[in-house]
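*Asks:* Before we start, here is the structure in question, set down as structure tokens.
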Protein chains: 6
Amino acid sequence: LSKAEQRTAVPGVATGLAVTGAGGDVLYIEASLADAETGGTGLTLTGQLGDVMKESARIALSYLRSRGAELEVPVGDLKDRGVHIHVPAGAVPKDGPSAGVTMTTALVSLLTGRPVRSDVAMTGEVSLTGRVLPIGGVKQKLLAAERAGVTTVLIPKRNEADLDDVPEEILSRLTVHAVADVREVLHLALEPADSRHAVAA
Amino acid sequence: LSKAEQRTAVPGVATGLAVTGAGGDVLYIEASLADAETGGTGLTLTGQLGDVMKESARIALSYLRSRGAELEVPVGDLKDRGVHIHVPAGAVPKDGPSAGVTMTTALVSLLTGRPVRSDVAMTGEVSLTGRVLPIGGVKQKLLAAERAGVTTVLIPKRNEADLDDVPEEILSRLTVHAVADVREVLHLALEPADSRHAVAA
Amino acid sequence: LSKAEQRTAVPGVATGLAVTGAGGDVLYIEASLADAETGGTGLTLTGQLGDVMKESARIALSYLRSRGAELEVPVGDLKDRGVHIHVPAGAVPKDGPSAGVTMTTALVSLLTGRPVRSDVAMTGEVSLTGRVLPIGGVKQKLLAAERAGVTTVLIPKRNEADLDDVPEEILSRLTVHAVADVREVLHLALEPADSRHAVAA
Amino acid sequence: LSKAEQRTAVPGVATGLAVTGAGGDVLYIEASLADAETGGTGLTLTGQLGDVMKESARIALSYLRSRGAELEVPVGDLKDRGVHIHVPAGAVPKDGPSAGVTMTTALVSLLTGRPVRSDVAMTGEVSLTGRVLPIGGVKQKLLAAERAGVTTVLIPKRNEADLDDVPEEILSRLTVHAVADVREVLHLALEPADSRHAVAA
Amino acid sequence: LSKAEQRTAVPGVATGLAVTGAGGDVLYIEASLADAETGGTGLTLTGQLGDVMKESARIALSYLRSRGAELEVPVGDLKDRGVHIHVPAGAVPKDGPSAGVTMTTALVSLLTGRPVRSDVAMTGEVSLTGRVLPIGGVKQKLLAAERAGVTTVLIPKRNEADLDDVPEEILSRLTVHAVADVREVLHLALEPADSRHAVAA
Amino acid sequence: LSKAEQRTAVPGVATGLAVTGAGGDVLYIEASLADAETGGTGLTLTGQLGDVMKESARIALSYLRSRGAELEVPVGDLKDRGVHIHVPAGAVPKDGPSAGVTMTTALVSLLTGRPVRSDVAMTGEVSLTGRVLPIGGVKQKLLAAERAGVTTVLIPKRNEADLDDVPEEILSRLTVHAVADVREVLHLALEPADSRHAVAA
Ligand SMILES: [Ca+2]
Ligand SMILES: [Ca+2]
Ligand SMILES: [Ca+2]
Ligand SMILES: [Ca+2]
Ligand SMILES: [Ca+2]
Ligand SMILES: [Ca+2]
Ligand SMILES: [Ca+2]
Ligand SMILES: [Ca+2]
Ligand SMILES: [Ca+2]
Ligand SMILES: [Ca+2]
Ligand SMILES: [Ca+2]
Ligand SMILES: [Ca+2]
């Protein structure tokens, strides 16, 4: 199993792309729901997330609380079960709005029990209405995705022009989808539900 | 569809006007209500809002909690459903009281299911009694509105004199309404409810 | 209608007097109560209030919670309905204890539905037992009141000596009441309840 | 009526003694209880109190919550009714533990409806078991008490030696009691309950 | 009565030992429980305690909440009654983990109604499982204990070697017990329950 | 009994490994559960833990709340009983993500009543899905483990290459397991449940 296959083997984990001091990198966003009988409540955010990234998590959650039912996501689980979103590595500070699509995808995967495709990575800010807004670092993020063995990358529609800066050699190895609404992300990134993961974690 | 048409296509989004380091700009204020079965509560504010802008959101909400019933807004939805107000872009710090009318309009749009007119942008501080108080940057805001394809702009009555500073060419392309009470804003900015948006988001 | 008449037209708004960098000024203190069916609770304070001014609001509220019933104020409304006190302009920092009488008056106006007289402005710290304690800036405040068209000003009894510093010309245009207990303020500043405002906002 | 008679005319107010930049001063500690039907809860502290002085208020309250019943204080009122302790003047920062006896006395006066004697002032730290612990500034505090027309002063037993520093002339005009337990303070400072104050404020 | 006899005369007070700028000193740790009918809840810590010392109090409380029943301590009282731990003098900052045994002893004394022996002082960090861990300043603490008329001192087993530094003359006047588990402290420091203190304060 | 045997004699204590200013060191992570009748709730963290280490505790708890039932851990105890995790020594600041496996093990030991093997020490970050992620200081940690008499050490699979830096002499005295999932840690570190510890502390 590749690293991404290992990490995304269970529902609730999605592969994001970040810009770091040393270029780009792949990161995994993990989400969990407390079993109702354990009494956990509220939203817990860990991974040394900065203010903007914490707000992204709140936006993803509010998006599902207000529009998840239309998407046929079983959002009733959010009522009595605590949600935890963690972004390893635990000691590395992270910030910025570009993990919005990844957080939304991890949460929908968790709630529906549908795993995220291990060959897909994504980047994009999400607005409260589900619009995918442009982000920075497209070139570094695609280089990192390709290095990590990802084959499909989702970027914001409004970042399409940035693909001109990405070497042809890299682009030839990636399928890139430019998306305007987070529903397109969910459609492209989630595997169908299957019997192996019948109950959300 | 124009950008404003896309962004304001659903109830709960209103077009505001801001002064930035580089002149004026259009911004979209998004509001959402958690579905009751998801257990979300309270008021969540995101978009790197400064203290004054956060207070504007609290004023808009209290205005509706105390006077919304008179305006025939179904304010009972505020009781058990969490409200979230977000102002993209998520990483850009924003502050000031001039989004008061825009926040109030987004909330009323959300609660009534009436979309905001996509050709209308607005600016104005709102007091707790619904008075529209003067703001700064009228010239830059009207230039930005015109640039963005907006055709109707709502400004505070007490800013009418500032229109003298706006180039004739710009004014000729805009319908400007100077308003003293936020009820005038709601009257001018909200579309009638229609069957496409029968249930508030 | 004069500005003060417009601002104090609804119950819950009282006219205060403040010392600013540029002399004195009139300010309006607005109070609102959340309709019970909207689920608002607690005390919300906005208008960039400093610590001392926030404490004044808490004192005014506790005064009514402990002694309001004796004054025949319907204080039961404070139980399940959120109180919001706002002091425009929203972006201007304000501080000091001298708005105590004004906050108490705005709250009593709100709870009783009796509007505050638009020709009355006031200044004075209030203690938890309703004593009116002395404040600074009497001269600047009276000049500002006169400029704003106010005809009656309420000041603390213990500031009476400061009237010597106020120009005769100003004093001749104002009726000044020096008060020792906030009940005198309420007696002088509140209009009788009338049918136009039968229900508190 | 003297100033102290005015201030302590209602139950819930006790006269304390403080050291200020300019010698000593008399201060009034005011306590109130929210009427149960107003929904106020918790402990509110105002008057720009420092951390140590806020802790004194919590100690006074816990003392009554654990030992008040033995003193026949009706402590059940503390359950559902918010307590507010305020120390005017509102804008003057205050700190230190020496208002402990005064806070305890104000609270017992409030709960029992017995006014505090207007001719008594007091100073002393209180421990959680009701011990009166030594404080500083005995000389300045007694000078201030005498200046204010107080005739009886309560000080900690362990400060008795400090009386040597107080001018004979001042001591001759004051009755000084040195106390070791806050119950002695309550015995000396509280008037009997009377019909004028049958219900606690 | 000696000072220690006075201070520890009621259940809930234990004598600790601290290192100060001027050598060592005796300190009294006081604990109280709110009577259930007064509505006090939670844990209140006063005495200008630093972060580490506040954590010691939380450890002492959790130790009793998880293991108190095995020690036949009536821990059910912790459920609905607020706990307050205070360390006079109120204005003196204090910190460090060495009051752990003293806090645990004061709480057990309070809950069982068994007073702490007035001739015993103690020092030692406590772990969450009740292990007594080593502390600093053994020499200064024993000197302070002897000066204060204490005759029995409890120290951590792992500090036994530090007794070599204590003058023979001091040791000859003290009975020193070196303990490894806080249960030994409770056994040595608590008086039997008697009829004078049948109900915990 | 060795020190590790003493410390880990009760369920709820696990032996971790840390890097300190002076090389490596063994540390004990203690967990406790409040008895339900004592009213303790929530998560309490003590031991001067830094932000990252506090997040590790939250991750360990969420892991058990979402996946503990699959591991047959009786997680229902987490609902009404407060959890406390403490890391002695109380005054020594600690930080970093590498205690994740140790915290998870201490909690599972506590909930199941199975003691942790006294001859096992461990280090490793844990992700929200139970992945064991790499940490730093393998060499110093193994030296410290050997010094402390530990015979079995658990390290992250992704740290296996770091074993090359550890002296042969040390490795020859230790059994080192490299693990990828925290379930392997639990399998290797927990003793079987026995009659001596039938009820979790
Ligand atoms: Ca990303
Ligand atoms: Ca919806
Ligand atoms: Ca605006
Ligand atoms: Ca209303
Ligand atoms: Ca009353
Ligand atoms: Ca004023
Ligand atoms: Ca008692
Ligand atoms: Ca005093
Ligand atoms: Ca137990
Ligand atoms: Ca000690
Ligand atoms: Ca470790
Ligand atoms: Ca599960």
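Numbering starts fresh at 1 for the residues of each chain in the structure tokens, the chains themselves are lettered A, B, ... in the order given, and ligands are numbered from 1 as they appear.
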Write out as a tab-separated table a residue-level contact list of chain D versus ligand 7 with cut-off 7 Å: for each qualifying residue the closest pair of atoms and the distance in Å to one decimal, counting only C-alpha atoms and all ligand atoms, rows sorted by chain and residue number upward.
*Replies:*
```
residue	atom	partner	partner_atom_place_in_ligand_line	distance
D:Ser66	CA	ligand 7	1 (Ca)	4.2
D:Arg67	CA	ligand 7	1 (Ca)	4.6
D:Ala69	CA	ligand 7	1 (Ca)	6.4
D:Glu70	CA	ligand 7	1 (Ca)	6.9
```
*Asks:* Check which residues fall inside 6 Å of ligand 10 when counting only C-alpha atoms and all ligand atoms, and print them as an NGL selection string.
*Replies:* :E and (16-18 or 98-99 or 123)
*Asks:* Go ahead and write the residues just picked, N, CA, C and O atoms, as a PDB file, in the first residue's frame.
*Replies:*
```
ATOM      1  N   GLY E  16       1.081  23.640  55.891  1.00  0.00           N
ATOM      2  CA  GLY E  16       2.110  23.316  54.913  1.00  0.00           C
ATOM      3  C   GLY E  16       3.393  24.061  55.205  1.00  0.00           C
ATOM      4  O   GLY E  16       3.471  24.863  56.140  1.00  0.00           O
ATOM      5  N   LEU E  17       4.381  23.793  54.382  1.00  0.00           N
ATOM      6  CA  LEU E  17       5.691  24.424  54.541  1.00  0.00           C
ATOM      7  C   LEU E  17       6.134  24.936  53.182  1.00  0.00           C
ATOM      8  O   LEU E  17       6.042  24.217  52.187  1.00  0.00           O
ATOM      9  N   ALA E  18       6.614  26.168  53.151  1.00  0.00           N
ATOM     10  CA  ALA E  18       6.998  26.768  51.879  1.00  0.00           C
ATOM     11  C   ALA E  18       8.374  27.391  51.982  1.00  0.00           C
ATOM     12  O   ALA E  18       8.826  27.742  53.073  1.00  0.00           O
ATOM     13  N   SER E  98       4.762  21.725  45.809  1.00  0.00           N
ATOM     14  CA  SER E  98       5.029  21.041  47.075  1.00  0.00           C
ATOM     15  C   SER E  98       3.874  21.117  48.068  1.00  0.00           C
ATOM     16  O   SER E  98       3.935  20.491  49.131  1.00  0.00           O
ATOM     17  N   ALA E  99       2.826  21.860  47.742  1.00  0.00           N
ATOM     18  CA  ALA E  99       1.667  21.879  48.631  1.00  0.00           C
ATOM     19  C   ALA E  99       0.681  20.762  48.314  1.00  0.00           C
ATOM     20  O   ALA E  99      -0.406  20.707  48.909  1.00  0.00           O
ATOM     21  N   THR E 123       5.059  18.685  53.612  1.00  0.00           N
ATOM     22  CA  THR E 123       5.436  19.188  52.291  1.00  0.00           C
ATOM     23  C   THR E 123       5.631  18.006  51.369  1.00  0.00           C
ATOM     24  O   THR E 123       6.169  16.974  51.789  1.00  0.00           O
TER      25      THR E 123
END
```
*Asks:* 10 Å from ligand 12 is the threshold here; counting only C-alpha atoms and all ligand atoms, which polymer residues fall inside it? Answer as a ChimeraX atom specification.
*Replies:* /A:32-36,199-201 /F:63-71
*Asks:* Using only C-alpha atoms and a distance of at most 9 Å, pull out the residues of chain F that contact chain E, as a compact mmCIF listing (two decimals) with all heavy atoms, in the first residue's frame.
*Replies:*
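Produced file iface.txt, reproduced below:
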```txt
# COMPACT_ATOMS: atom_id res chain seq x y z
N ARG F 7 5.41 2.71 39.95
CA ARG F 7 4.59 3.71 39.28
C ARG F 7 3.48 3.11 38.43
O ARG F 7 2.40 3.69 38.31
CB ARG F 7 5.47 4.63 38.41
CG ARG F 7 6.49 5.41 39.22
CD ARG F 7 5.88 6.39 40.19
NE ARG F 7 5.31 7.53 39.54
CZ ARG F 7 5.97 8.66 39.31
NH1 ARG F 7 7.21 8.80 39.71
NH2 ARG F 7 5.37 9.66 38.70
N VAL F 10 -0.69 0.36 39.27
CA VAL F 10 -2.14 0.50 39.12
C VAL F 10 -2.49 0.77 37.67
O VAL F 10 -1.70 1.38 36.94
CB VAL F 10 -2.69 1.63 40.01
CG1 VAL F 10 -2.58 1.25 41.49
CG2 VAL F 10 -1.97 2.93 39.74
N GLY F 12 -3.82 2.66 34.45
CA GLY F 12 -3.91 4.08 34.18
C GLY F 12 -2.57 4.78 34.12
O GLY F 12 -2.53 5.98 33.91
N VAL F 13 -1.47 4.05 34.28
CA VAL F 13 -0.14 4.68 34.22
C VAL F 13 0.71 3.96 33.18
O VAL F 13 0.82 2.74 33.20
CB VAL F 13 0.58 4.61 35.59
CG1 VAL F 13 1.89 5.39 35.53
CG2 VAL F 13 -0.31 5.15 36.70
N GLU F 30 0.00 9.55 33.88
CA GLU F 30 -1.03 9.04 34.77
C GLU F 30 -2.40 9.50 34.30
O GLU F 30 -2.59 10.68 34.00
CB GLU F 30 -0.81 9.57 36.19
CG GLU F 30 0.55 9.25 36.78
CD GLU F 30 0.72 9.81 38.18
OE1 GLU F 30 0.15 10.89 38.46
OE2 GLU F 30 1.38 9.17 38.99
N ALA F 31 -3.35 8.60 34.31
CA ALA F 31 -4.72 8.97 33.94
C ALA F 31 -5.66 8.53 35.05
O ALA F 31 -5.45 7.50 35.68
CB ALA F 31 -5.11 8.31 32.62
N SER F 32 -6.70 9.35 35.29
CA SER F 32 -7.72 8.95 36.27
C SER F 32 -9.10 9.29 35.76
O SER F 32 -9.27 10.18 34.92
CB SER F 32 -7.47 9.61 37.62
OG SER F 32 -7.92 10.95 37.61
N LEU F 33 -10.08 8.60 36.29
CA LEU F 33 -11.49 8.84 35.97
C LEU F 33 -12.21 9.19 37.27
O LEU F 33 -12.11 8.46 38.25
CB LEU F 33 -12.13 7.54 35.47
CG LEU F 33 -12.22 7.25 34.00
CD1 LEU F 33 -12.93 5.91 33.80
CD2 LEU F 33 -12.93 8.34 33.22
N ALA F 34 -12.94 10.29 37.26
CA ALA F 34 -13.72 10.64 38.45
C ALA F 34 -14.84 9.62 38.65
O ALA F 34 -15.50 9.23 37.69
CB ALA F 34 -14.31 12.03 38.28
N ASP F 35 -15.03 9.18 39.88
CA ASP F 35 -16.19 8.34 40.15
C ASP F 35 -17.45 9.14 39.84
O ASP F 35 -17.52 10.33 40.15
CB ASP F 35 -16.19 7.90 41.63
CG ASP F 35 -15.12 6.85 41.90
OD1 ASP F 35 -14.56 6.29 40.93
OD2 ASP F 35 -14.83 6.60 43.08
N ALA F 36 -18.42 8.49 39.22
CA ALA F 36 -19.59 9.23 38.74
C ALA F 36 -20.29 10.00 39.85
O ALA F 36 -20.79 11.11 39.63
CB ALA F 36 -20.56 8.26 38.05
N GLU F 37 -20.30 9.45 41.06
CA GLU F 37 -21.03 10.11 42.14
C GLU F 37 -20.33 11.37 42.64
O GLU F 37 -20.87 12.08 43.49
CB GLU F 37 -21.29 9.15 43.31
CG GLU F 37 -20.05 8.76 44.10
CD GLU F 37 -19.40 7.48 43.57
OE1 GLU F 37 -19.56 7.19 42.37
OE2 GLU F 37 -18.73 6.81 44.35
N THR F 38 -19.12 11.67 42.13
CA THR F 38 -18.40 12.87 42.59
C THR F 38 -18.60 14.06 41.68
O THR F 38 -18.10 15.16 41.95
CB THR F 38 -16.88 12.61 42.68
OG1 THR F 38 -16.38 12.40 41.35
CG2 THR F 38 -16.58 11.40 43.54
N GLY F 39 -19.29 13.84 40.57
CA GLY F 39 -19.66 14.99 39.74
C GLY F 39 -18.56 15.58 38.89
O GLY F 39 -18.76 16.60 38.27
N GLY F 40 -17.38 14.97 38.86
CA GLY F 40 -16.33 15.52 38.01
C GLY F 40 -16.65 15.31 36.54
O GLY F 40 -17.16 14.25 36.17
N THR F 44 -9.21 17.21 32.25
CA THR F 44 -8.25 18.05 32.97
C THR F 44 -6.85 17.59 32.61
O THR F 44 -6.56 16.39 32.66
CB THR F 44 -8.47 17.92 34.49
OG1 THR F 44 -9.83 18.25 34.79
CG2 THR F 44 -7.55 18.86 35.26
N LEU F 45 -5.99 18.53 32.25
CA LEU F 45 -4.61 18.22 31.88
C LEU F 45 -3.68 18.99 32.78
O LEU F 45 -3.77 20.21 32.87
CB LEU F 45 -4.36 18.62 30.42
CG LEU F 45 -5.24 17.92 29.38
CD1 LEU F 45 -5.03 18.53 27.99
CD2 LEU F 45 -4.94 16.43 29.34
N THR F 46 -2.77 18.29 33.46
CA THR F 46 -1.81 18.97 34.34
C THR F 46 -0.41 18.43 34.12
O THR F 46 -0.22 17.38 33.50
CB THR F 46 -2.20 18.80 35.82
OG1 THR F 46 -2.37 17.41 36.10
CG2 THR F 46 -3.49 19.54 36.16
N GLY F 47 0.56 19.17 34.63
CA GLY F 47 1.96 18.80 34.49
C GLY F 47 2.70 19.82 33.63
O GLY F 47 3.73 19.49 33.05
N GLN F 48 2.13 21.04 33.57
CA GLN F 48 2.76 22.11 32.78
C GLN F 48 2.98 21.66 31.34
O GLN F 48 4.07 21.83 30.78
CB GLN F 48 4.08 22.55 33.44
CG GLN F 48 3.87 23.22 34.79
CD GLN F 48 3.10 24.51 34.64
OE1 GLN F 48 3.57 25.48 34.07
NE2 GLN F 48 1.83 24.51 35.10
N GLY F 82 -15.30 12.53 34.67
CA GLY F 82 -14.21 13.39 34.25
C GLY F 82 -12.92 12.62 34.08
O GLY F 82 -12.59 11.74 34.88
N VAL F 83 -12.18 12.93 33.02
CA VAL F 83 -10.87 12.33 32.76
C VAL F 83 -9.79 13.34 33.16
O VAL F 83 -9.89 14.52 32.84
CB VAL F 83 -10.70 11.99 31.27
CG1 VAL F 83 -9.30 11.47 30.98
CG2 VAL F 83 -11.76 10.99 30.83
N HIS F 84 -8.78 12.87 33.83
CA HIS F 84 -7.63 13.72 34.18
C HIS F 84 -6.36 12.99 33.70
O HIS F 84 -6.16 11.83 34.01
CB HIS F 84 -7.62 13.93 35.70
CG HIS F 84 -6.60 14.93 36.18
ND1 HIS F 84 -6.81 15.78 37.24
CD2 HIS F 84 -5.35 15.22 35.75
CE1 HIS F 84 -5.74 16.55 37.44
NE2 HIS F 84 -4.85 16.22 36.55
N ILE F 85 -5.54 13.70 32.94
CA ILE F 85 -4.23 13.16 32.55
C ILE F 85 -3.17 14.07 33.15
O ILE F 85 -3.19 15.29 32.94
CB ILE F 85 -4.08 13.08 31.01
CG1 ILE F 85 -5.11 12.11 30.42
CG2 ILE F 85 -2.66 12.66 30.63
CD1 ILE F 85 -5.09 12.04 28.90
N HIS F 86 -2.25 13.47 33.91
CA HIS F 86 -1.20 14.23 34.58
C HIS F 86 0.15 13.63 34.22
O HIS F 86 0.29 12.41 34.11
CB HIS F 86 -1.43 14.18 36.09
CG HIS F 86 -0.34 14.84 36.89
ND1 HIS F 86 0.01 16.16 36.72
CD2 HIS F 86 0.49 14.36 37.87
CE1 HIS F 86 1.00 16.46 37.56
NE2 HIS F 86 1.30 15.39 38.26
N VAL F 87 1.13 14.50 34.03
CA VAL F 87 2.49 14.04 33.76
C VAL F 87 3.44 14.66 34.78
O VAL F 87 3.82 15.83 34.64
CB VAL F 87 2.93 14.40 32.32
CG1 VAL F 87 4.25 13.69 31.99
CG2 VAL F 87 1.86 14.05 31.30
N PRO F 88 3.79 13.91 35.84
CA PRO F 88 4.79 14.43 36.78
C PRO F 88 6.13 14.57 36.06
O PRO F 88 6.35 13.91 35.03
CB PRO F 88 4.86 13.36 37.87
CG PRO F 88 3.65 12.47 37.63
CD PRO F 88 3.32 12.57 36.20
N ALA F 89 7.08 15.41 36.58
CA ALA F 89 6.97 16.19 37.78
C ALA F 89 6.17 17.46 37.49
O ALA F 89 6.30 18.07 36.43
CB ALA F 89 8.36 16.56 38.25
N GLY F 90 5.37 17.89 38.46
CA GLY F 90 4.40 18.96 38.26
C GLY F 90 4.97 20.29 37.84
O GLY F 90 4.28 21.08 37.20
N ALA F 91 6.22 20.57 38.20
CA ALA F 91 6.76 21.90 37.92
C ALA F 91 7.61 21.96 36.66
O ALA F 91 8.08 23.02 36.28
CB ALA F 91 7.59 22.39 39.11
N ALA F 201 -9.74 2.55 37.85
CA ALA F 201 -9.61 3.65 38.83
C ALA F 201 -10.29 4.90 38.31
O ALA F 201 -10.28 5.91 38.96
CB ALA F 201 -8.14 3.92 39.10
```
*Asks:* I'd like to know which of B:Arg158, B:Arg114, B:Lys94, B:His187 is closest to ligand 3, using only C-alpha atoms and all ligand atoms.
*Replies:*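 Counting only C-alpha atoms and all ligand atoms, the residue closest to ligand 3 is B:Lys94.
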*Asks:* If you run DSSP over the backbone, which residues in segment 97-163 of chain C end up strand (DSSP E)? Put them as number ranges by chain.
*Replies:* C: 120-122, 125-126, 132-133, 152-156
*Asks:* Pull the helix (DSSP H, G or I) assignments for segment 1-70 of chain B out of DSSP run on the backbone, and list those residues as a PyMOL selection string.
*Replies:* chain B and resi 3-7+36-38+51-67+69-70
*Asks:* Using Å and a single decimal, report how far atom CA of Val26 of chain A sits from atom CA of Val116 of chain A.
*Replies:* 14.7 Å
*Asks:* Applying 10 Å and only C-alpha atoms, which residues near Ala148 of chain C remain after dropping the ones on its own chain fewer than 3 positions away? List them as a list of chain:residue names.
*Replies:*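 After dropping sequence-adjacent residues, the list is C:Ser2, C:Lys3, C:Ala4, C:Asp25, C:Val26, C:Asp119, C:Ala121, C:Leu142, C:Leu143, C:Ala144, C:Ala145, C:Thr151.
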*Asks:* Need to verify the contact set: Ala14 of chain F, 6 Å, only C-alpha atoms, exclusion of same-chain residues closer than 4 positions in sequence. Can you return it as a short mmCIF file (atom, residue, chain, number, x, y, z; two decimals) with all heavy atoms, in the first residue's frame?
*Replies:*
```cif
data_model
loop_
_atom_site.label_atom_id
_atom_site.label_comp_id
_atom_site.auth_asym_id
_atom_site.auth_seq_id
_atom_site.Cartn_x
_atom_site.Cartn_y
_atom_site.Cartn_z
N TYR F 28 6.32 9.23 33.44
CA TYR F 28 5.12 8.42 33.67
C TYR F 28 3.90 9.25 33.37
O TYR F 28 3.78 10.38 33.85
CB TYR F 28 5.10 7.92 35.12
CG TYR F 28 6.31 7.07 35.41
CD1 TYR F 28 7.44 7.63 36.01
CD2 TYR F 28 6.36 5.73 35.00
CE1 TYR F 28 8.58 6.86 36.23
CE2 TYR F 28 7.49 4.96 35.22
CZ TYR F 28 8.61 5.53 35.82
OH TYR F 28 9.73 4.78 36.00
N ILE F 29 3.02 8.71 32.57
CA ILE F 29 1.77 9.41 32.26
C ILE F 29 0.66 8.74 33.04
O ILE F 29 0.45 7.53 32.92
CB ILE F 29 1.52 9.40 30.75
CG1 ILE F 29 2.62 10.26 30.11
CG2 ILE F 29 0.11 9.90 30.42
CD1 ILE F 29 2.41 10.66 28.70
N THR F 102 1.77 6.98 24.52
CA THR F 102 1.77 6.75 25.97
C THR F 102 0.45 7.19 26.58
O THR F 102 -0.11 6.52 27.47
CB THR F 102 2.96 7.51 26.61
OG1 THR F 102 4.06 7.52 25.73
CG2 THR F 102 3.35 6.88 27.93
N ALA F 106 -2.18 4.80 28.47
CA ALA F 106 -2.62 5.06 29.85
C ALA F 106 -4.14 5.07 29.93
O ALA F 106 -4.74 4.51 30.86
CB ALA F 106 -2.03 6.39 30.34
N VAL F 116 -0.37 -1.53 32.70
CA VAL F 116 0.65 -1.48 31.66
C VAL F 116 1.86 -2.26 32.15
O VAL F 116 2.22 -2.18 33.33
CB VAL F 116 1.03 -0.01 31.35
CG1 VAL F 116 2.06 0.04 30.22
CG2 VAL F 116 -0.22 0.79 30.97
#
```
